[in-house]
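Read the structure below first, then the notes.
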Amino acid sequence: MLSEGSSFMKGMALGGIFCLLLSLLGSFTPGMQSSPEDQHQHHHHHIKAPTNDELQSLSEPQMVELSQKVRVYCVIMVQPKVLVYWATAKDTWGKHCDQAVFYSSESAKALEAVDLNEQDEWAKLHKALTHAYDNSGDLRWFFVARPTTFAIIENLKYLVLAKDPNEPFYIGHTVKSGELEYVEYESGIVLSYEALRRLVNVFKDAEKCPERGRSLWKLSEEKQLAICLKYTGVFAENGEDTQGKGLFNSKSVGSLIEDGMSKNSLDVVEGCCSDLAITFSGMSPNQMQVMMFGVYRLRPYGHNFHDSLIFLPPEGSDND
Amino acid sequence: MKGLSGSRCCFYMGFLVGTLSLYFLRQVWFEMSMKPDVLGEGQDSSVAALSKKRQASDSNNWRMEGATLINLNHPHHIGEDSSVADELYRKVRILCWVMTGPSNLQTKARHVKATWSRHCNVVVFMSSIDDPDFPTVGLGTGEGRDQLYWKTIRAFHYALEHHGNDADWFLKADDDTFVVVDNLRWVLSNHTPEEPLYFGKRFKPYAKQGYMSGGAGYVLSKEALRRFVEGFKTKVCTHTTSVEDLALGQCLEKMGVLAMDSRDTLQRETFHPFVPEHHLTGKFSKSFWYWSYCYYPIVEGPRCCSDLAVSFHYVDAELMYTLEYWTYHLRAYGYRYRYRPPLSQGLVERQAQTERPTVGTAGRGRTPAGITVGGDGDQSKAESGAKPLSDKGGKETLGKIPIDNNRTAVTQERQG
């Protein structure tokens with residue numbers, strides 16, 4: 001009797017240790033050499049939009065320089081079977097990118113996109129980002145999204161206005177999964193030039209950052225991206241407005257309003273989302289056209305904002 | 001023999017139990033470390049506490065006079081310059097009355113109260129029965145479609161009798177209409193309430209000058225309202241039909257009130273009888289009644305609707321808040337709107353802003369424009385032939401722009 005009991009206890013103890021060992025091995029903790037310029041990145045995981053005071057403290061030439069630097073290359077991952085989303089992104093928010101390039105898993109008639117000839121999600125992202133880096137010209141900020149996401153690029157520019165793209169930035173709506181903090185794909189991913197440069201570099205290292213996920217540990221592409229970036233010392237940061245409200249949303253406005261209404265909150269509109277939100281997701285193509293009206297046109301007469309920059313409307317467009 | 005295999009078995013079982021229990025413990029530990037902050041609101045979940053909070057916030061916005069809500073402050077927004085809107089709020093006073101009923105108070109009227117009606121100078125919710133808590137006025141009618149014109153007649157009589165001096169214009173809306181009251185003030189700002197005028201979504205059949213759609217909301221000038229009430233006193237107008245908007249239109253026509261064109265300076269409609277999605281993306285089938293009703297040509301697609309839209313209809317609760325968010329909250333930072341109509345006569349413009357850098361956007365590798373001289377300053381240059389007038393306040397007035405009733409003023413659609 002006693003021997004059985006003690007065997008049981010020994011078994012339990014060993015089982016516990018075994019489990020802990022497994023979990024330690026399972027969660028990647030890549031060896032980091034925290035170089036001086038990266039040290040501050042470890043502690044800051046929120047990026048806040050600049051306040052009015054911060055912007056007004058900048059001199060005129062500084063402002064001009066910043067406004068010329070803040071240009072966005074949009075990487076939009078499309079699939080031929082949902083052609084209407086490609087057409088909608090092209091006709092709506094994509095027009096506000098300095099350059100919008102569509103990347104497709106395969107070619108299709110009428111689809112103007114870079115054919116990646118690839119079905120695996122991570123491999124697609126891998127190839128698309130490499131292509132974007134090689135073709136970025138003098139654009140220094142990269143925004144990665146699916147065409148089901150709606151983005152307000154002007155607000156993205158505002159968020160990163162005072163940030164140097166030669167520093168590594170990896171911004172969006174961050175999610176923590178165990179030890180890993182990654183940016184949610186659905187609400188859009190922002191990368192600075194430096195972050196992308198480092199990423200393209202670590203792509204060469206198939207050990208750290210394989211082009212195809214190992215079948216045993218198949219991770220989602222958003223997590224894979226975070227891991228690869230982590231190897232290069234780039235950490236995910238949550239994009240927020242000056243009040244701390246998240247700027248990247250994985251739901252639509254209607255859905256967020258619905259949440260507010262069911263929570264019976266006092267001010268449904270105030271509690272919904274930021275005034276300078278950057279992304280929403282989960283809208284139909286028609287709803288995206290309505291968003292264009294809601295964001296770029298509908299407004300109450302007589303309410304003016306004296307913003308520090310002016311963004312001109314794109315040429316040849318009538319829905320914004 | 002038996003004892004040995006028994007203890008082995010126990011060992012394996014223990015191993016399994018240990019592994020599993022630690023695994024679950026670890027999961028729970030991660031869940032707890034990832035738990036988001038509990039918001040303060042979650043603690044005040046009791047209904048009583050919530051309604052008390054609501055009442056407290058309401059009393060900051062409104063003063064109750066019987067069943068009428070007198071607006072105490074024009075809602076403002078952080079970081080905005082609402083000087084023009086504030087001036088219009090003072091000069092173009094609007095009484096909004098909302099057609100509702102007892103069964104709709106919590107499902108519809110409540111959301112109107114929480115959103116657009118806060119931008120009116122005076123708000124009255126008209127129902128068949130008095131409700132001192134909401135509050136609503138009891139018109140002493142029944143409920144139902146056949147009572148609509150009776151309610152309308154009595155509501156307008158109530159408005160003139162109790163608040164004839166509190167407002168210049170009188171808006172009727174349904175509890176599923178969304179109104180951008182600031183844009184309504186812009187539409188009305190070039191007209192005087194002493195003239196007999198009325199604005200709305202103009203329909204053409206059954207009346208010589210047409211009539212305004214009830215659901216999209218319509219507005220009467222003070223003189224028009226006086227004539228409406230007078231018409232019933234002198235029996236020129238009576239309860240002819242329960243089709244409220246048509247009946248009202250016919251009465252006003254008899255009393256010499258003019259049906260006006262409420263379209264913007266680019267001939268785009270401002271009052272809309274359907275939701276934005278329907279107008280912007282829908283295709284109206286050619287057999288649909290709408291085609292034969294509209295006074296002005298129907299435009300489908302983005303040009304259907306003015307940037308300064310005034311109303312939409314068939315708006316459910318979720319869309320009410322969504323529209324309020326789009327109108328008053330969500331914007332694209334620094335975006336220079338394509339449509340920048342001239343200020344109305346008699347309004348003042350503050351000194352133009354200092355220089356701000358301008359960024360051109362959009363594909364084809366266009367290089368951004370460098371600094372251009374000040375944003376708002378451009379507007380005054382664009383109105384060619386404008387003569388600066390000085391007003392009593394000593395501030396500069398934007399030049400007087402000749403605008404006739406058909407609003408064919410100098411337009412502002414400049415290229416990118």
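Identifiers in this document derive from the order of the structure tokens: chains are assigned A, B, ..., residues are numbered from 1 separately in each chain, and ligands are numbered from 1 in order of occurrence.
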
Check your understanding: Among segment 66-199 of chain A, which residues carry a DSSP assignment of alpha helix (DSSP H), reported as a PyMOL selection string?
Key -> chain A and resi 66-69+83-91+121-134+153-160+193-199

File of the preceding selection, C-alpha atoms, as a JSON list (two decimals), in the first residue's frame:
```json
[["chain", "number", "residue", "atom", "x", "y", "z"],
["A", 66, "LEU", "CA", 8.48, 65.19, -41.33],
["A", 67, "SER", "CA", 5.61, 65.70, -43.74],
["A", 68, "GLN", "CA", 7.78, 64.66, -46.63],
["A", 69, "LYS", "CA", 9.09, 61.60, -44.85],
["A", 83, "LEU", "CA", -12.28, 39.77, -56.34],
["A", 84, "VAL", "CA", -14.81, 42.30, -55.12],
["A", 85, "TYR", "CA", -12.66, 43.06, -52.06],
["A", 86, "TRP", "CA", -9.69, 43.83, -54.28],
["A", 87, "ALA", "CA", -11.81, 46.16, -56.37],
["A", 88, "THR", "CA", -13.25, 47.84, -53.31],
["A", 89, "ALA", "CA", -9.90, 48.37, -51.59],
["A", 90, "LYS", "CA", -8.58, 49.83, -54.83],
["A", 91, "ASP", "CA", -11.57, 52.14, -55.13],
["A", 121, "GLU", "CA", -0.10, 32.25, -45.61],
["A", 122, "TRP", "CA", 3.27, 32.81, -44.00],
["A", 123, "ALA", "CA", 5.15, 32.22, -47.24],
["A", 124, "LYS", "CA", 2.89, 34.76, -48.95],
["A", 125, "LEU", "CA", 3.62, 37.35, -46.30],
["A", 126, "HIS", "CA", 7.31, 36.52, -46.49],
["A", 127, "LYS", "CA", 7.42, 37.05, -50.26],
["A", 128, "ALA", "CA", 5.19, 40.11, -50.24],
["A", 129, "LEU", "CA", 7.27, 41.90, -47.64],
["A", 130, "THR", "CA", 10.48, 41.09, -49.49],
["A", 131, "HIS", "CA", 8.96, 42.46, -52.68],
["A", 132, "ALA", "CA", 7.76, 45.56, -50.87],
["A", 133, "TYR", "CA", 11.21, 46.21, -49.43],
["A", 134, "ASP", "CA", 12.83, 45.84, -52.84],
["A", 153, "ILE", "CA", -4.05, 56.31, -43.98],
["A", 154, "GLU", "CA", -4.05, 59.96, -42.91],
["A", 155, "ASN", "CA", -4.53, 58.87, -39.32],
["A", 156, "LEU", "CA", -1.72, 56.36, -39.70],
["A", 157, "LYS", "CA", 0.53, 59.16, -40.89],
["A", 158, "TYR", "CA", -0.51, 61.23, -37.92],
["A", 159, "LEU", "CA", 0.39, 58.41, -35.52],
["A", 160, "VAL", "CA", 3.91, 57.97, -36.88],
["A", 193, "TYR", "CA", 11.69, 50.96, -43.00],
["A", 194, "GLU", "CA", 14.24, 49.84, -40.45],
["A", 195, "ALA", "CA", 11.97, 47.11, -39.10],
["A", 196, "LEU", "CA", 11.39, 45.80, -42.60],
["A", 197, "ARG", "CA", 15.08, 45.95, -43.40],
["A", 198, "ARG", "CA", 15.88, 43.86, -40.35],
["A", 199, "LEU", "CA", 13.08, 41.46, -41.22]]
```

Point to revise | Residue list (strand (DSSP E or B), DSSP) for segment 85-292 of chain A, as a VMD selection string | key: chain A and resid 99 to 104 114 to 115 141 to 145 149 to 151 170 to 172 174 to 177 180 to 183 189 to 192 236 to 240 246 248 279 to 281

Each residue of chain A with at least one atom at most 6 Å from chain B should appear once, together with its nearest atom pair and the corresponding distance in Å (one decimal); atoms considered: only C-alpha atoms; ordering: chain, then increasing residue number; output as CSV.
```
residue,atom,partner,partner_atom,distance
A:Glu4,CA,B:Ser7,CA,4.2
A:Ser7,CA,B:Phe11,CA,4.6
A:Phe8,CA,B:Phe11,CA,4.4
A:Gly11,CA,B:Phe15,CA,3.9
A:Met12,CA,B:Gly18,CA,4.0
A:Gly15,CA,B:Phe15,CA,4.2
A:Gly16,CA,B:Gly18,CA,4.7
A:Cys19,CA,B:Thr19,CA,5.2
A:Val64,CA,B:Pro357,CA,6.0
A:Lys95,CA,B:Ala362,CA,5.4
A:His96,CA,B:Ala362,CA,4.8
A:Cys97,CA,B:Ala362,CA,5.3
A:Asp98,CA,B:Ala362,CA,4.5
A:Gln99,CA,B:Gly363,CA,4.6
A:Glu154,CA,B:Ala332,CA,5.7
A:Asn155,CA,B:Tyr333,CA,5.4
A:Val269,CA,B:Tyr325,CA,5.8
A:Asp275,CA,B:Leu330,CA,4.3
A:Val290,CA,B:Glu277,CA,5.8
A:Gly294,CA,B:Trp326,CA,5.1
A:Val295,CA,B:Arg331,CA,5.2
A:Arg297,CA,B:Asp307,CA,4.9
A:Leu298,CA,B:Asp307,CA,4.8
A:Arg299,CA,B:Thr327,CA,4.7
A:Pro300,CA,B:Asp182,CA,5.4
A:Tyr301,CA,B:Asn183,CA,5.3
A:Gly302,CA,B:Ala85,CA,4.1
A:His303,CA,B:Ser82,CA,4.4
A:Asn304,CA,B:Asp81,CA,5.0
A:Phe305,CA,B:Glu80,CA,5.0
A:Asp307,CA,B:Gly334,CA,5.3
A:Leu309,CA,B:Pro357,CA,5.4
A:Ile310,CA,B:Gly334,CA,4.5
A:Phe311,CA,B:Tyr335,CA,4.7
A:Leu312,CA,B:Gly360,CA,5.0
A:Pro313,CA,B:Gly416,CA,5.3
A:Pro314,CA,B:Ala362,CA,5.2
A:Glu315,CA,B:Gly416,CA,5.4
A:Asn319,CA,B:Pro302,CA,5.4
```

Review point. From the list A:Val268, A:Cys74, A:Leu25, A:Cys228, which residue is nearest Phe150 of chain A when using only C-alpha atoms?
Key: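 Nearest candidate to Phe150 of chain A out of A:Val268, A:Cys74, A:Leu25, A:Cys228: A:Cys74.
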
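Counting only C-alpha atoms, segment 80-82 of chain A has the following residues at most 8 Å away, ignoring those fewer than 4 positions along the same chain: Trp86, Ser104, Ser105, Glu106, Ser107, Ala108 and Leu111 of chain A.
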
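Straight-line separation from atom CA of Gln62 of chain A to atom CA of Thr232 of chain A: 29.7 Å.
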
Point to revise | Among listed residues B:Val243, B:Leu225, B:Val299, B:Ala67, nearest Thr136 of chain B (using only C-alpha atoms) | key: B:Ala67

Practice item. Kindly give the distance, in Å, that separates atom CA of Glu223 of chain B and atom CA of Val257 of chain B, rounded to a single decimal. Key: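 Result for atom CA of Glu223 of chain B versus atom CA of Val257 of chain B: 8.5 Å, one decimal.
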
Check your understanding: What is the atom CA of Thr242 of chain A-atom CA of Lys48 of chain A distance in Å, reported with one decimal?
Key -> 5.8 Å

Check your understanding: What's the 10 Å shell around segment 253-256 of chain B, counting only C-alpha atoms, without same-chain residues fewer than 6 positions away, as a PyMOL selection string?
Key -> chain B and resi 196-197+207-211+224+226-231+236-237+247

Next, write the just-selected residues to a file, as a short mmCIF file (atom, residue, chain, number, x, y, z; two decimals), in the first residue's frame, keeping C-alpha atoms as the atom set.
```cif
data_model
loop_
_atom_site.label_atom_id
_atom_site.label_comp_id
_atom_site.auth_asym_id
_atom_site.auth_seq_id
_atom_site.Cartn_x
_atom_site.Cartn_y
_atom_site.Cartn_z
CA PRO B 196 -43.11 81.64 -45.25
CA LEU B 197 -40.74 78.84 -46.28
CA ALA B 207 -49.26 69.12 -55.04
CA LYS B 208 -48.40 71.86 -57.50
CA GLN B 209 -45.24 72.94 -55.77
CA GLY B 210 -44.61 69.48 -54.39
CA TYR B 211 -44.40 68.57 -50.71
CA ALA B 224 -44.82 79.19 -42.18
CA ARG B 226 -47.94 80.79 -38.05
CA ARG B 227 -49.74 80.34 -41.34
CA PHE B 228 -50.24 76.64 -40.71
CA VAL B 229 -51.90 77.34 -37.37
CA GLU B 230 -53.87 80.20 -38.89
CA GLY B 231 -55.08 77.89 -41.63
CA VAL B 236 -58.83 76.82 -44.77
CA CYS B 237 -56.98 73.71 -43.64
CA ALA B 247 -51.69 66.79 -46.13
#
```

Point to revise | Close residues, Asp53 of chain A itself excluded, 12 Å, only C-alpha atoms, min 2 positions apart in chain, as a list in words | key: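 Once the nearby chain positions are removed, what remains is Ala49, Pro50, Thr51, Leu55, Gln56, Ser57, Leu58, Thr242, Asp307 and Ser308 of chain A; Gly79 of chain B.
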
**Study point:** Among the residues B:His162, B:Arg268, B:Lys204, B:Arg63, the one that comes closest to Leu95 of chain B [using only C-alpha atoms]
**Key:** B:His162
